[in-house]
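Asks: Below is the file structure-v9.txt, with compact mmCIF, C-alpha atoms and all ligand atoms.
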# COMPACT_ATOMS: atom_id res chain seq x y z
CA ASP A 1 56.23 26.30 64.09
CA PRO A 2 58.51 28.22 61.74
CA MET A 3 57.94 32.00 61.62
CA LEU A 4 57.24 31.82 57.88
CA ARG A 5 55.84 28.78 56.17
CA LEU A 6 55.01 28.59 52.49
CA LYS A 7 53.76 25.27 51.17
CA GLY A 8 52.61 24.16 47.74
CA ILE A 9 52.40 27.71 46.42
CA GLU A 10 51.08 27.99 42.86
CA LYS A 11 50.91 31.22 40.93
CA VAL A 12 49.95 31.66 37.30
CA TYR A 13 49.55 35.01 35.57
CA ASN A 14 47.07 35.36 32.67
CA ALA A 15 45.70 31.86 33.30
CA GLY A 16 44.12 30.34 30.22
CA GLN A 17 45.04 33.35 28.11
CA LYS A 18 47.70 34.13 25.60
CA GLY A 19 50.77 35.05 27.64
CA GLU A 20 50.02 32.62 30.47
CA VAL A 21 53.04 32.46 32.81
CA ARG A 22 53.41 29.78 35.49
CA VAL A 23 55.62 31.61 37.95
CA LEU A 24 55.48 29.44 41.07
CA ARG A 25 54.89 25.67 41.15
CA GLU A 26 54.67 23.80 44.40
CA ALA A 27 56.95 26.43 45.93
CA GLY A 28 57.70 25.81 49.59
CA LEU A 29 59.89 27.54 52.17
CA GLU A 30 60.20 27.62 55.95
CA ILE A 31 62.12 30.24 57.89
CA GLY A 32 62.67 30.05 61.64
CA ALA A 33 62.78 32.81 64.25
CA GLY A 34 65.98 34.82 64.00
CA GLU A 35 66.87 33.16 60.72
CA MET A 36 68.04 35.19 57.75
CA VAL A 37 67.62 33.57 54.36
CA ALA A 38 69.04 34.90 51.10
CA LEU A 39 66.88 34.62 47.98
CA VAL A 40 69.05 34.57 44.89
CA ALA A 41 67.34 34.34 41.52
CA PRO A 42 67.78 35.76 38.04
CA SER A 43 65.41 38.49 36.92
CA GLY A 44 62.08 37.06 35.82
CA ALA A 45 62.38 33.94 38.00
CA GLY A 46 59.51 35.00 40.27
CA LYS A 47 61.33 36.68 43.14
CA SER A 48 58.90 39.62 43.45
CA THR A 49 55.94 37.29 43.17
CA LEU A 50 57.29 35.12 45.98
CA LEU A 51 58.05 38.14 48.19
CA HIS A 52 54.60 39.62 47.54
CA ILE A 53 52.86 36.36 48.40
CA ALA A 54 54.96 35.84 51.55
CA GLY A 55 54.32 39.48 52.49
CA LEU A 56 50.54 39.28 52.03
CA LEU A 57 50.52 41.82 49.21
CA ASP A 58 49.33 39.17 46.78
CA THR A 59 47.56 35.83 47.10
CA PRO A 60 48.61 32.52 45.58
CA ASP A 61 46.26 30.52 43.35
CA SER A 62 46.70 27.70 45.83
CA GLY A 63 48.98 26.71 48.68
CA ILE A 64 49.53 27.67 52.29
CA VAL A 65 50.99 30.88 53.77
CA GLU A 66 51.53 30.89 57.53
CA ILE A 67 53.20 33.57 59.62
CA GLY A 68 53.96 32.75 63.23
CA GLY A 69 51.95 29.53 62.88
CA GLU A 70 48.82 31.40 61.80
CA ALA A 71 47.14 30.73 58.47
CA MET A 72 47.16 33.80 56.23
CA THR A 73 45.43 32.23 53.25
CA GLY A 74 41.71 32.66 52.85
CA LEU A 75 41.58 36.03 54.59
CA SER A 76 39.45 38.82 53.15
CA ASP A 77 41.44 41.66 51.51
CA ARG A 78 40.78 43.86 54.53
CA ARG A 79 41.94 41.28 57.06
CA ARG A 80 44.97 40.49 54.93
CA THR A 81 45.92 44.19 54.91
CA VAL A 82 45.54 44.34 58.69
CA ALA A 83 47.67 41.20 59.06
CA ARG A 84 50.29 42.59 56.68
CA ARG A 85 50.66 45.83 58.60
CA ARG A 86 51.10 43.94 61.84
CA GLU A 87 53.17 40.95 60.73
CA VAL A 88 55.35 42.10 57.84
CA GLY A 89 58.06 44.70 57.40
CA PHE A 90 59.31 45.63 53.94
CA VAL A 91 62.63 47.10 52.85
CA TYR A 92 63.45 48.03 49.28
CA GLN A 93 66.55 49.11 47.37
CA PHE A 94 65.36 52.72 47.60
CA HIS A 95 64.22 53.79 51.03
CA HIS A 96 60.87 55.43 50.11
CA LEU A 97 61.01 57.55 53.26
CA LEU A 98 58.62 60.51 53.33
CA PRO A 99 60.87 63.47 52.40
CA GLU A 100 58.98 66.12 54.38
CA PHE A 101 59.17 64.18 57.66
CA THR A 102 62.09 63.57 59.99
CA ALA A 103 63.67 60.16 60.59
CA ARG A 104 61.75 59.83 63.86
CA GLU A 105 58.43 60.82 62.26
CA ASN A 106 58.96 58.32 59.44
CA ILE A 107 59.16 55.57 62.08
CA VAL A 108 56.32 56.97 64.20
CA LEU A 109 53.75 57.25 61.38
CA PRO A 110 53.23 53.53 60.63
CA GLN A 111 52.79 52.94 64.36
CA LEU A 112 50.09 55.64 64.62
CA ALA A 113 48.35 53.98 61.65
CA ASP A 114 48.44 50.76 63.67
CA GLY A 115 46.85 52.46 66.70
CA VAL A 116 49.93 52.85 68.88
CA PRO A 117 49.72 55.90 71.21
CA ARG A 118 51.97 58.75 70.12
CA ALA A 119 54.31 58.78 73.15
CA GLU A 120 54.84 55.04 72.87
CA ALA A 121 55.48 55.32 69.12
CA ILE A 122 58.10 58.02 69.68
CA ALA A 123 59.84 55.95 72.36
CA ARG A 124 59.89 52.96 70.03
CA ALA A 125 61.27 55.07 67.14
CA ASP A 126 64.05 56.46 69.32
CA GLU A 127 64.93 53.00 70.64
CA LEU A 128 65.19 51.65 67.08
CA LEU A 129 67.28 54.61 65.88
CA ASP A 130 69.60 54.01 68.82
CA ARG A 131 69.92 50.33 67.96
CA VAL A 132 71.03 51.13 64.41
CA GLY A 133 73.48 53.72 65.70
CA ILE A 134 71.88 56.93 64.44
CA ALA A 135 70.04 58.28 67.51
CA GLY A 136 71.61 61.65 66.73
CA ARG A 137 69.82 61.80 63.39
CA ALA A 138 66.27 61.48 64.78
CA GLY A 139 65.32 65.06 63.92
CA HIS A 140 66.84 65.09 60.44
CA ARG A 141 64.90 64.78 57.22
CA PRO A 142 66.02 62.09 54.74
CA SER A 143 67.65 64.68 52.46
CA ALA A 144 70.00 65.67 55.30
CA MET A 145 71.22 62.10 55.79
CA SER A 146 73.68 59.86 53.93
CA GLY A 147 72.42 56.92 51.87
CA GLY A 148 73.48 54.48 54.57
CA GLU A 149 71.69 56.49 57.25
CA GLN A 150 68.54 56.69 55.13
CA GLN A 151 68.54 52.94 54.69
CA ARG A 152 68.98 52.44 58.45
CA VAL A 153 65.90 54.58 58.99
CA ALA A 154 64.06 52.40 56.46
CA PHE A 155 65.01 49.32 58.54
CA CYS A 156 63.66 51.01 61.67
CA ARG A 157 60.43 51.88 59.88
CA ALA A 158 60.07 48.29 58.68
CA LEU A 159 60.50 47.04 62.26
CA ALA A 160 58.40 49.77 63.88
CA ASN A 161 55.33 47.57 64.36
CA SER A 162 57.41 44.58 65.59
CA PRO A 163 56.58 42.35 62.62
CA ARG A 164 57.30 38.63 62.67
CA LEU A 165 58.55 38.68 59.09
CA LEU A 166 60.99 41.00 57.34
CA LEU A 167 61.11 40.98 53.55
CA ALA A 168 63.79 42.87 51.72
CA ASP A 169 64.57 43.34 48.05
CA GLU A 170 68.18 44.39 47.44
CA PRO A 171 68.27 46.34 50.72
CA THR A 172 71.82 47.56 50.15
CA GLY A 173 71.69 47.65 46.36
CA ASN A 174 71.80 51.42 46.18
CA LEU A 175 74.87 51.84 48.43
CA ASP A 176 78.59 51.84 47.73
CA PRO A 177 80.38 48.60 48.72
CA VAL A 178 81.80 49.87 52.02
CA THR A 179 78.53 51.44 53.21
CA SER A 180 76.65 48.39 51.95
CA ASP A 181 78.79 46.19 54.14
CA THR A 182 78.21 48.12 57.38
CA VAL A 183 74.50 48.65 56.67
CA PHE A 184 74.15 44.92 56.05
CA GLU A 185 75.84 44.22 59.41
CA THR A 186 73.26 46.48 61.03
CA LEU A 187 70.47 44.54 59.35
CA MET A 188 71.91 41.21 60.54
CA ASP A 189 72.14 42.52 64.12
CA LEU A 190 68.54 43.73 63.98
CA VAL A 191 67.23 40.39 62.71
CA ARG A 192 69.18 38.36 65.26
CA GLY A 193 68.23 40.74 68.05
CA THR A 194 64.49 40.63 67.35
CA GLY A 195 63.98 36.96 66.44
CA LEU A 196 61.95 37.69 63.36
CA ALA A 197 62.27 35.68 60.16
CA ALA A 198 63.98 37.46 57.28
CA LEU A 199 63.93 36.74 53.56
CA ILE A 200 66.35 38.96 51.69
CA ALA A 201 66.50 38.99 47.90
CA THR A 202 69.92 39.96 46.63
CA HIS A 203 72.24 39.59 43.67
CA ASN A 204 75.21 40.20 45.96
CA LEU A 205 76.62 36.71 46.48
CA GLU A 206 79.10 37.90 49.10
CA LEU A 207 76.26 39.19 51.29
CA ALA A 208 74.15 36.11 50.51
CA ALA A 209 76.97 33.89 51.79
CA ARG A 210 76.90 35.68 55.14
CA MET A 211 73.27 34.83 55.77
CA ASP A 212 72.17 31.59 57.44
CA ARG A 213 71.06 29.93 54.22
CA ILE A 214 70.66 30.61 50.52
CA VAL A 215 67.64 29.59 48.46
CA LYS A 216 67.09 29.88 44.72
CA LEU A 217 64.09 29.77 42.43
CA GLU A 218 64.26 27.13 39.73
CA GLN A 219 61.31 26.47 37.43
CA GLY A 220 59.03 28.02 40.00
CA ARG A 221 60.30 25.94 42.92
CA VAL A 222 62.32 27.09 45.89
CA VAL A 223 65.52 25.03 46.05
CA ALA A 224 68.55 25.10 48.34
CA GLY A 225 71.30 27.35 46.99
P1 LIG B 1 61.45 38.68 39.38
O1 LIG B 1 61.09 39.52 40.56
O2 LIG B 1 62.26 37.47 39.73
O3 LIG B 1 62.05 39.45 38.26
P2 LIG B 1 58.58 38.49 38.92
O4 LIG B 1 57.96 37.77 40.07
O5 LIG B 1 58.43 39.96 38.87
O6 LIG B 1 60.09 38.05 38.79
O7 LIG B 1 57.96 37.92 37.57
C1 LIG B 1 58.03 36.53 37.23
C2 LIG B 1 57.37 36.33 35.85
O8 LIG B 1 55.99 36.65 35.94
C3 LIG B 1 57.95 37.18 34.76
O9 LIG B 1 57.92 36.42 33.57
C4 LIG B 1 56.99 38.35 34.69
O10 LIG B 1 56.97 38.89 33.40
C5 LIG B 1 55.66 37.69 35.02
N1 LIG B 1 54.74 38.60 35.73
C6 LIG B 1 54.96 39.24 36.89
N2 LIG B 1 53.89 39.96 37.28
C7 LIG B 1 52.96 39.79 36.31
C8 LIG B 1 51.62 40.25 36.12
N3 LIG B 1 51.04 41.06 37.01
N4 LIG B 1 50.98 39.86 35.01
C9 LIG B 1 51.56 39.03 34.11
N5 LIG B 1 52.80 38.53 34.23
C10 LIG B 1 53.49 38.91 35.31
P1 LIG B 2 48.39 50.19 51.95
O1 LIG B 2 48.15 51.45 52.69
O2 LIG B 2 48.51 50.37 50.45
O3 LIG B 2 47.47 49.06 52.30
P2 LIG B 2 50.60 49.90 53.69
O4 LIG B 2 50.91 51.34 53.80
O5 LIG B 2 49.91 49.18 54.79
O6 LIG B 2 49.81 49.66 52.34
O7 LIG B 2 51.90 49.11 53.30
C1 LIG B 2 52.54 48.19 54.12
C2 LIG B 2 53.86 47.87 53.48
O8 LIG B 2 53.65 47.22 52.22
C3 LIG B 2 54.71 49.10 53.20
O9 LIG B 2 55.99 48.91 53.76
C4 LIG B 2 54.77 49.20 51.69
O10 LIG B 2 56.09 49.52 51.28
C5 LIG B 2 54.40 47.83 51.22
N1 LIG B 2 53.59 47.89 50.03
C6 LIG B 2 52.31 48.32 49.96
N2 LIG B 2 51.84 48.18 48.71
C7 LIG B 2 52.85 47.65 47.98
C8 LIG B 2 52.98 47.27 46.61
N3 LIG B 2 51.99 47.35 45.72
N4 LIG B 2 54.16 46.76 46.21
C9 LIG B 2 55.15 46.63 47.08
N5 LIG B 2 55.10 46.96 48.37
C10 LIG B 2 53.96 47.48 48.83
What does the file become when written as structure tokens?
Replies:
Amino acid sequence: DPMLRLKGIEKVYNAGQKGEVRVLREAGLEIGAGEMVALVAPSGAGKSTLLHIAGLLDTPDSGIVEIGGEAMTGLSDRRRTVARRREVGFVYQFHHLLPEFTARENIVLPQLADGVPRAEAIARADELLDRVGIAGRAGHRPSAMSGGEQQRVAFCRALANSPRLLLADEPTGNLDPVTSDTVFETLMDLVRGTGLAALIATHNLELAARMDRIVKLEQGRVVAG
């Protein structure tokens, strides 16, 4: 089984009303373990909708969503939330770290919410910070870190609960080109090292070309880029 499987995904906003928008039509995508796929699409093409459906934040009108071979469609809202917290990590252009907490605490908190014992959560946070090369920043708050460091912490937080799927929207979009490049390398190492499936939306074609594969959205379908 692929780590992520989307099949026949349909999504219409304002169905049957004025302003009806058919965003996804028969959209399908499979991503394997350790595979990093770039999603390149113009604004308005349905990128956020696709990421939200893959990430269990939203449900399709019809179609199949599977993560790790398990069906994620047809779950109650509560079960979908539980599945999302366990199976999906999110990274955005802006890190959204909690400003009053340290780097370590920002990575510990989602684990506590998932029922991980505190000592184990701290060990996991420190291991992740070490893997992204900023172990020495564990006790710093976001405001005391550079943009690249903050984004590395955001990667660690996204991976804290060992998800099977990583979804990112312009993960280096807020960084200068040089920092963006090294932070992206870190992200690639993390994905390859953990064997999760990653779908990364980006307008940066140079970064897209370094991923395993590029897909685009055309008329609501996912097509090879
Ligand atoms: P992208 O992320 O590629 O910019 P979106 O998935 O956000 O695209 O949106 C795709 C289309 O669906 C756009 O035309 C947008 O206006 C419309 N859309 C998105 N969300 C909603 C919503 N909640 N209600 C109505 N239309 C929406
Ligand atoms: P909640 O407490 O609202 O159920 P979580 O805290 O479990 O959500 O969120 C899990 C992940 O989903 C977080 O990384 C968060 O960034 C992302 N997320 C939650 N809600 C949204 C949303 N409406 N749009 C985009 N991302 C979201």
Asks: Give the answer as one residue: which of A:Ile67, A:Leu175, A:Ala103, A:Ala138 has the shortest atom-to-atom distance to Arg157 of chain A, using all atoms listed in the file?
Replies: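 Ranking A:Ile67, A:Leu175, A:Ala103, A:Ala138 by distance to Arg157 of chain A, first place goes to A:Ala103.
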Asks: I'd like the neighbourhood of Glu66 of chain A as a count of residues only, where a residue qualifies if any of its atoms comes within 8 Å (using all atoms listed in the file), though same-chain residues fewer than 5 positions away should be ignored.
Replies: 7
Asks: Tell me, counting all atoms listed in the file, for each residue of chain A within 10 Å of ligand LIG 1 (chain B), which pair of atoms is nearest and how far apart they are in Å to one decimal, in rows ordered by chain and increasing number, as CSV.
Replies:
residue,atom,partner,partner_atom,distance
A:Lys11,CA,B:LIG1,O8,9.0
A:Val12,CA,B:LIG1,O8,8.0
A:Tyr13,CA,B:LIG1,C9,4.7
A:Asn14,CA,B:LIG1,C9,6.0
A:Ala15,CA,B:LIG1,C9,9.3
A:Gly19,CA,B:LIG1,C9,7.6
A:Glu20,CA,B:LIG1,C9,7.5
A:Val21,CA,B:LIG1,O8,6.0
A:Arg22,CA,B:LIG1,O8,7.4
A:Val23,CA,B:LIG1,O8,5.4
A:Leu24,CA,B:LIG1,C1,8.5
A:Leu39,CA,B:LIG1,O2,9.9
A:Val40,CA,B:LIG1,O2,9.0
A:Ala41,CA,B:LIG1,O2,6.2
A:Pro42,CA,B:LIG1,O2,6.0
A:Ser43,CA,B:LIG1,O3,3.7
A:Gly44,CA,B:LIG1,O3,3.4
A:Ala45,CA,B:LIG1,O2,3.9
A:Gly46,CA,B:LIG1,O4,3.2
A:Lys47,CA,B:LIG1,O2,3.6
A:Ser48,CA,B:LIG1,O1,3.6
A:Thr49,CA,B:LIG1,O4,3.7
A:Leu50,CA,B:LIG1,O4,6.5
A:Leu51,CA,B:LIG1,O4,8.1
A:His52,CA,B:LIG1,O4,8.4
A:Ile53,CA,B:LIG1,O4,9.9
A:Asp169,CA,B:LIG1,O1,9.1
A:Ala201,CA,B:LIG1,O1,9.1
A:Leu217,CA,B:LIG1,O2,8.4
A:Gly220,CA,B:LIG1,C1,9.0
Asks: Between A:Thr81, A:Gln111, A:Thr172, A:Asn204, single out the one closest to ligand LIG 2 (chain B), counting only C-alpha atoms and all ligand atoms.
Replies: A:Thr81
Asks: Between A:Pro99, A:Leu109, A:Arg124, A:Ala168, which one has atoms that come closest to Ala144 of chain A, using all atoms listed in the file?
Replies: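 When distances to Ala144 of chain A are compared using all atoms listed in the file, the smallest one comes from A:Pro99.
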Asks: Report the distance between atom CA of Ile107 of chain A and atom CA of Ala198 of chain A in Å, rounded to one decimal place.
Replies: 19.3 Å
Asks: Around (70.8, 59.9, 53.1) in the file's frame, which residues reach within 12 Å when counting all atoms listed in the file? Return as an mmCIF file with C-alpha atoms, in the coordinates of the input?
Replies:
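Here's the written file out_12.cif:
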data_model
loop_
_atom_site.group_PDB
_atom_site.id
_atom_site.type_symbol
_atom_site.label_atom_id
_atom_site.label_comp_id
_atom_site.auth_asym_id
_atom_site.auth_seq_id
_atom_site.Cartn_x
_atom_site.Cartn_y
_atom_site.Cartn_z
ATOM 1 C CA PHE A 94 65.360 52.720 47.600
ATOM 2 C CA HIS A 95 64.220 53.790 51.030
ATOM 3 C CA HIS A 96 60.870 55.430 50.110
ATOM 4 C CA LEU A 97 61.010 57.550 53.260
ATOM 5 C CA PRO A 99 60.870 63.470 52.400
ATOM 6 C CA THR A 102 62.090 63.570 59.990
ATOM 7 C CA ALA A 103 63.670 60.160 60.590
ATOM 8 C CA ILE A 134 71.880 56.930 64.440
ATOM 9 C CA ARG A 137 69.820 61.800 63.390
ATOM 10 C CA HIS A 140 66.840 65.090 60.440
ATOM 11 C CA ARG A 141 64.900 64.780 57.220
ATOM 12 C CA PRO A 142 66.020 62.090 54.740
ATOM 13 C CA SER A 143 67.650 64.680 52.460
ATOM 14 C CA ALA A 144 70.000 65.670 55.300
ATOM 15 C CA MET A 145 71.220 62.100 55.790
ATOM 16 C CA SER A 146 73.680 59.860 53.930
ATOM 17 C CA GLY A 147 72.420 56.920 51.870
ATOM 18 C CA GLY A 148 73.480 54.480 54.570
ATOM 19 C CA GLU A 149 71.690 56.490 57.250
ATOM 20 C CA GLN A 150 68.540 56.690 55.130
ATOM 21 C CA GLN A 151 68.540 52.940 54.690
ATOM 22 C CA ARG A 152 68.980 52.440 58.450
ATOM 23 C CA VAL A 153 65.900 54.580 58.990
ATOM 24 C CA ALA A 154 64.060 52.400 56.460
ATOM 25 C CA ASN A 174 71.800 51.420 46.180
ATOM 26 C CA LEU A 175 74.870 51.840 48.430
ATOM 27 C CA THR A 179 78.530 51.440 53.210
#
Asks: Just the number, please: distance in Å from atom CA of Val108 of chain A to atom CA of Pro163 of chain A, one decimal.
Replies: 14.7 Å
Asks: When you look at Asp114 of chain A with a cut-off of 9 Å (counting only C-alpha atoms), what residues show up, excluding the ones that are within fewer than 6 positions of it in the same chain? I need them as a list in words.
Replies: Val82, Arg85, Arg86 and Asn161 of chain A
Asks: Using atom CA of Ala113 of chain A and atom CA of Val191 of chain A as the two end points, give the distance in Å to one decimal.
Replies: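 So the answer is 23.3 Å.
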Asks: Near Met188 of chain A, within 10 Å and counting only C-alpha atoms, which residues show up once chain neighbours fewer than 6 positions away are dropped, as a PyMOL selection string?
Replies: chain A and resi 34-36+182+198+210-211
Asks: Around (56.0, 41.6, 54.7) in the file's own coordinates, what residues are found within 6 Å if you use all atoms listed in the file, given back as a PyMOL selection string?
Replies: chain A and resi 55+88-90+165-167
Asks: Export C-alpha atoms of the chosen residues as a PDB file, in the frame of the given file?
Replies:
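Contents of result22.pdb, freshly written:
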ATOM      1  CA  GLY A  55      54.320  39.480  52.490  1.00  0.00           C
ATOM      2  CA  VAL A  88      55.350  42.100  57.840  1.00  0.00           C
ATOM      3  CA  GLY A  89      58.060  44.700  57.400  1.00  0.00           C
ATOM      4  CA  PHE A  90      59.310  45.630  53.940  1.00  0.00           C
ATOM      5  CA  LEU A 165      58.550  38.680  59.090  1.00  0.00           C
ATOM      6  CA  LEU A 166      60.990  41.000  57.340  1.00  0.00           C
ATOM      7  CA  LEU A 167      61.110  40.980  53.550  1.00  0.00           C
TER       8      LEU A 167
END
Asks: Would you please work out which residue, of A:Ala38, A:Ala121, A:Ala54, A:Val132, is nearest to ligand LIG 2 (chain B) when using all atoms listed in the file?
Replies: A:Ala54
Asks: Compare A:Asp58, A:Glu70, A:Arg164, A:Gly28 by their minimum atom-to-atom distance to ligand LIG 2 (chain B), counting all atoms listed in the file, and give me the closest one.
Replies: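 Comparing A:Asp58, A:Glu70, A:Arg164, A:Gly28 against ligand LIG 2 (chain B), the winner is A:Asp58.
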Asks: Once 5 Å is added on each side, what centre and edge lengths in Å to one decimal does the axis-aligned box around all listed atoms of segment 92-103 of chain A have, as AutoDock Vina command-line options?
Replies:
--center_x 62.6 --center_y 57.1 --center_z 54.0 --size_x 17.9 --size_y 28.1 --size_z 23.2
Asks: Would you mind telling me which residue in A:Pro177, A:Pro110, A:Gly63, A:Gly8 lies nearest to ligand LIG 2 (chain B) when using all atoms listed in the file?
Replies: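 Counting all atoms listed in the file, the residue closest to ligand LIG 2 (chain B) is A:Pro110.
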